[in-house]
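**Student:** Take this structure first; my questions come after.
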Protein chains: 2
Amino acid sequence: MTQETVLGTVDEVLAELRHHIPEHRLLTDPAQLTTYECDGLAAYRVTPALVVLADTAEEVARTVRACARHRVPFVARGSGTGLSGGALPHAEGVLVVTSRLRTLHEVRSRDERAVVDTGVINLQVTRAATPQGYYFAPDPSSQQICSIGGNVAENSGGAHCLKYGFTSNHVLSLDVVTPDGEQVTLGTEAPDAPGYDLVGAFVGSEGTLGVATRATVRLVRLPQEVRTVLAGFASTDQAGAATSAIIAAGIIPAAIEIMDALAIEAAEKAVSCGYPEGAGAVLVVELDGPAQEVEHEYAAVERICREQGTFEFRVATDAAERAEIWKGRKSAFAAVGRISPDYIVQDGVVPRTALPEVLRRMAKISAERGVRVANVFHAGDGNLHPLVLFDADEEGATQRAEEVSGMILDLCIEHGGSITGEHGVGADKAKHMPAMFTAEDLDTMQMVRCAFDPAGIANPGKIYPTPRLCGERPRAVRGEHPLAAGHEGVDLF
Amino acid sequence: MTQETVLGTVDEVLAELRHHIPEHRLLTDPAQLTTYECDGLAAYRVTPALVVLADTAEEVARTVRACARHRVPFVARGSGTGLSGGALPHAEGVLVVTSRLRTLHEVRSRDERAVVDTGVINLQVTRAATPQGYYFAPDPSSQQICSIGGNVAENSGGAHCLKYGFTSNHVLSLDVVTPDGEQVTLGTEAPDAPGYDLVGAFVGSEGTLGVATRATVRLVRLPQEVRTVLAGFASTDQAGAATSAIIAAGIIPAAIEIMDALAIEAAEKAVSCGYPEGAGAVLVVELDGPAQEVEHEYAAVERICREQGTFEFRVATDAAERAEIWKGRKSAFAAVGRISPDYIVQDGVVPRTALPEVLRRMAKISAERGVRVANVFHAGDGNLHPLVLFDADEEGATQRAEEVSGMILDLCIEHGGSITGEHGVGADKAKHMPAMFTAEDLDTMQMVRCAFDPAGIANPGKIYPTPRLCGERPRAVRGEHPLAAGHEGVDLF
């Protein structure tokens, strides 16, 4: 992790913070620090020099101000469930933990808004809003434990983002501590707010523009009816064709998920979900909305699934039956542990129309390399979650799995997709960014980073493969264009 | 318009551009320049020093590079239909006109995407997509003439934004010329794209972060059925209550519009729209979607309107009948000319729940000041468009109208709303920004502006009341916090 400036030491930060934050929330004991050495992506581990358990936004601001003063890097962490290493600590830095910022300030269902501190758990927002007939739509698999702050940092999605959008579609305004420790509010509750929409830029910035301490989020009305369908198919090709036909019919289900044979096998072993026997793939389609609309869409989905050759078609109409169908899908990642000692959860996106081709190519890579790949994916928006299976004890297996995992990302990019669908870039995928963006595009993003954080102390090493030196302005002002030298044929005045 | 740096002259820019752009597209003749002295907000007029009619993105980049080299301000202009003076020229600057960038590159309905140059007219995108069953959702009143580039600059909305969102919800990626003349791409087509979402920040930045030359936009499927309802009420209170009841019933119509008696009178005089006689207010509700859903919602809307006391309820089921209902609404702004020689179109937002109170207060202000105010508004999202009527020939009338117009904005802010719903801040409302944002919030926005445009040449004087000196960093690094002096009781370390 390259640092661009001479750094101060954490000791100086600690000495300052001791005046303001009680000792038991300033962790320096190596045994305690171990808890924080990784987030949900355990492949990377770094022990931070200091962990601050902040109780208030003011304590977050104090911590960041002390870091700014002494040029010490800081990393924010919510519940630590992220899957791209976005909250991976800095060895000579401070980890600011926001999970104690747990106040749920208000649920204003009349205005379809909730105001929450960013340590509040995703599912708590929904639980608080449900009695008033509302819920918080973004639903990452970790929603029982992940924090709103983490959702904001990673622009988290979930199975229902097909219809309802990602976190960025549900955050209206944010209280943020900027990397120099100032507390500002980004955004307003008004539609088309005046000024720059910095909420959009902040959501998904993975802690590199500051630390969010409070969020005003949109609440969505609970649907009148929900109907969940499980359809067994002989192959992922058939299940994929059914997905395309559903979307082509103008239906946008709340969720469309596909699991392949290997993922089904794992789920059966783990939770006995009772999916159709002998299925090469299962398709889970959830419809929600006004009862009449759901009824109408359900008829179309059933017809389409039968036309595409489903051999078993089930429908859940109450919460218990729905939970039964989702059980297999939701346990899939963890369940893979039953059929493989180790695995990598990949997260890529392809245009929905490229799904069949990408799945075939992935199967070919898997066969050629002798590395098993289980597929679980949000088929509706082309967000793949291939699980690359391996046994770390086997000579060279880890490396082979990592190669296959990387080849899958290349495949996504080749087909006009993206290196991450909902897990973020974090520490894990910074190296893949140049495959998606030109140097100029990345430089433009880093101009914004430099504006917020000229000292480069906010979560350094994440997102960008090459940190930009913020003093530089390699831009075309007064003939100083960086392309002016060393590039033939460049069109300058 | 304060400039922060010593500026070069337009002559130097012109001399450079003559090598690359034909003379007939470099306008300096005062008679020709007059055409460009204002946009849709004719209250402000400034003659630019030079107008460049760019044919390509490269010509836009050349122009901006020349401006950057000589530190000459530039302002981008699309069709010039904006209502906040966002495209008001700079007297010593260059006006870059993008309306000749008219290539509609592709309509990919399979992926629900279109790729267009930013000079393309809003309605052309819909016309190109309609044969494939799609359309472009943002629908400002000026959609027959306004450009996609202008929509991007102002984050334009329209009557149907209640259900479908603003321009920012429909732009996936932008080719942009940054204020130093570099051509970069912001965003990708993938959901939850990695890196910062700079598309969100750019949309609505009113030309202060650069000039967009190409956009990849989302297409929306044409609804299976559209049904438009016109309901006459005795008062705006009743029409407002019906609006609240419709939303409370969980229905999100494509549009909910209200016109008051004065606006109806104007529309009748102008286009004989045949609205219910003696109505204190009309409510227009448009429902769209799958036929069953529309049928179901229609029944609920009819019931609610009758419960709230509608005395005349009509429904249009085909395009001709729909056009008849919309005719009055769409002509309302222009029609006001029939009942008043002059008028100001205001654009404010209040939370939907505050509508009745704000309307009552507005009526009171109107009565007290003796200034007539006609109301036409997007009731569903609380976006008011009061038309403040006056006669400029009458002593003091203009000033009184401007005072009332300003008081209406204050009323919006007081009720937790916003100074602009869809027209932007531009040159007109920069002075109101401090009523909505703290100095620190505005400073954070301007940090981004400085990152893109340290020389302050991109549309200076717009959005922000006080330009930030980009060399400064009045921030809390190493004890240099701006609050350290002169503010008692500030909590510093």
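Each chain in the structure tokens gets a letter, A, B, ..., in the order shown, and its residues are numbered from 1; ligands are numbered from 1 in order too.
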If we count only C-alpha atoms, what is near Ala57 of chain A at a cut-off of 8 Å, once residues fewer than 2 positions away on the same chain are taken out, given as a ChimeraX atom specification?
**Tutor:** /A:54-55,59-61,101,177,213
**Student:** Write out the residues from the selection above, keeping N, CA, C and O atoms, as an mmCIF file, in the first residue's frame.
**Tutor:**
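After the write, selection.cif holds the following:
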data_model
loop_
_atom_site.group_PDB
_atom_site.id
_atom_site.type_symbol
_atom_site.label_atom_id
_atom_site.label_comp_id
_atom_site.auth_asym_id
_atom_site.auth_seq_id
_atom_site.Cartn_x
_atom_site.Cartn_y
_atom_site.Cartn_z
ATOM 1 N N ALA A 54 -15.968 3.910 17.992
ATOM 2 C CA ALA A 54 -16.613 5.220 18.179
ATOM 3 C C ALA A 54 -18.059 5.049 18.635
ATOM 4 O O ALA A 54 -18.760 4.159 18.173
ATOM 5 N N ASP A 55 -18.477 5.911 19.547
ATOM 6 C CA ASP A 55 -19.856 5.873 20.044
ATOM 7 C C ASP A 55 -20.733 6.917 19.367
ATOM 8 O O ASP A 55 -21.950 6.816 19.393
ATOM 9 N N GLU A 59 -17.125 11.472 17.821
ATOM 10 C CA GLU A 59 -15.916 10.678 18.064
ATOM 11 C C GLU A 59 -15.273 10.218 16.757
ATOM 12 O O GLU A 59 -14.052 10.151 16.650
ATOM 13 N N VAL A 60 -16.095 9.917 15.778
ATOM 14 C CA VAL A 60 -15.535 9.577 14.471
ATOM 15 C C VAL A 60 -14.761 10.785 13.939
ATOM 16 O O VAL A 60 -13.626 10.667 13.475
ATOM 17 N N ALA A 61 -15.383 11.966 14.061
ATOM 18 C CA ALA A 61 -14.747 13.190 13.546
ATOM 19 C C ALA A 61 -13.442 13.486 14.295
ATOM 20 O O ALA A 61 -12.427 13.850 13.704
ATOM 21 N N LEU A 101 -22.629 3.052 16.401
ATOM 22 C CA LEU A 101 -23.534 4.170 16.070
ATOM 23 C C LEU A 101 -24.879 3.545 15.698
ATOM 24 O O LEU A 101 -25.203 3.379 14.528
ATOM 25 N N VAL A 177 -18.137 12.440 7.731
ATOM 26 C CA VAL A 177 -16.898 13.040 8.222
ATOM 27 C C VAL A 177 -15.909 12.979 7.062
ATOM 28 O O VAL A 177 -15.563 11.896 6.588
ATOM 29 N N THR A 213 -21.775 8.833 8.868
ATOM 30 C CA THR A 213 -22.201 8.571 10.242
ATOM 31 C C THR A 213 -23.724 8.524 10.389
ATOM 32 O O THR A 213 -24.245 8.012 11.372
#
**Student:** So that I can check the secondary structure, give me every residue of segment 164-401 of chain A assigned helix (DSSP H, G or I) by backbone DSSP, as a VMD selection string.
**Tutor:** chain A and resid 164 167 to 169 198 to 202 236 to 248 261 to 271 291 to 307 319 to 338 352 to 369 379 to 381 397 to 401
**Student:** Report, in Å to a single decimal, how far apart atom CA of Ala201 of chain B and atom CA of Ala137 of chain B are.
**Tutor:** 20.0 Å
**Student:** Running DSSP on the backbone, which parts of segment 297-363 of chain A land in strand (DSSP E or B), as an NGL selection string?
**Tutor:** :A and (312-316 or 342-345 or 348-349)
**Student:** With N, CA, C and O atoms retained, could you export that selection as a JSON list (two decimals), in the first residue's frame?
**Tutor:**
[["chain", "number", "residue", "atom", "x", "y", "z"],
["A", 312, "GLU", "N", -40.50, -29.42, -13.14],
["A", 312, "GLU", "CA", -41.18, -29.31, -11.85],
["A", 312, "GLU", "C", -41.38, -27.83, -11.53],
["A", 312, "GLU", "O", -40.43, -27.05, -11.59],
["A", 313, "PHE", "N", -42.59, -27.46, -11.23],
["A", 313, "PHE", "CA", -42.92, -26.05, -11.04],
["A", 313, "PHE", "C", -43.71, -25.93, -9.74],
["A", 313, "PHE", "O", -44.78, -26.50, -9.60],
["A", 314, "ARG", "N", -43.14, -25.21, -8.77],
["A", 314, "ARG", "CA", -43.81, -25.06, -7.47],
["A", 314, "ARG", "C", -44.05, -23.59, -7.18],
["A", 314, "ARG", "O", -43.29, -22.74, -7.63],
["A", 315, "VAL", "N", -45.04, -23.32, -6.37],
["A", 315, "VAL", "CA", -45.27, -21.93, -5.99],
["A", 315, "VAL", "C", -45.51, -21.82, -4.49],
["A", 315, "VAL", "O", -46.18, -22.67, -3.90],
["A", 316, "ALA", "N", -44.93, -20.82, -3.90],
["A", 316, "ALA", "CA", -45.14, -20.55, -2.47],
["A", 316, "ALA", "C", -46.04, -19.34, -2.36],
["A", 316, "ALA", "O", -45.81, -18.34, -3.03],
["A", 342, "ASP", "N", -12.36, -25.46, 0.49],
["A", 342, "ASP", "CA", -12.13, -24.03, 0.29],
["A", 342, "ASP", "C", -12.84, -23.56, -0.98],
["A", 342, "ASP", "O", -13.09, -24.35, -1.88],
["A", 343, "TYR", "N", -13.16, -22.28, -1.01],
["A", 343, "TYR", "CA", -13.76, -21.74, -2.24],
["A", 343, "TYR", "C", -13.58, -20.23, -2.30],
["A", 343, "TYR", "O", -13.41, -19.57, -1.28],
["A", 344, "ILE", "N", -13.61, -19.72, -3.52],
["A", 344, "ILE", "CA", -13.59, -18.27, -3.75],
["A", 344, "ILE", "C", -14.98, -17.87, -4.25],
["A", 344, "ILE", "O", -15.50, -18.49, -5.16],
["A", 345, "VAL", "N", -15.59, -16.85, -3.63],
["A", 345, "VAL", "CA", -16.84, -16.30, -4.14],
["A", 345, "VAL", "C", -16.49, -15.18, -5.12],
["A", 345, "VAL", "O", -15.97, -14.15, -4.70],
["A", 348, "GLY", "N", -19.11, -11.02, -10.60],
["A", 348, "GLY", "CA", -18.95, -10.31, -11.88],
["A", 348, "GLY", "C", -20.31, -10.05, -12.50],
["A", 348, "GLY", "O", -21.32, -10.60, -12.05],
["A", 349, "VAL", "N", -20.32, -9.19, -13.49],
["A", 349, "VAL", "CA", -21.58, -8.87, -14.16],
["A", 349, "VAL", "C", -21.40, -9.00, -15.67],
["A", 349, "VAL", "O", -20.35, -8.64, -16.20]]
**Student:** With distances taken over only C-alpha atoms, which residue among B:Thr466, B:Thr236, B:Thr208, B:Thr317 lies nearest chain A?
**Tutor:** B:Thr208
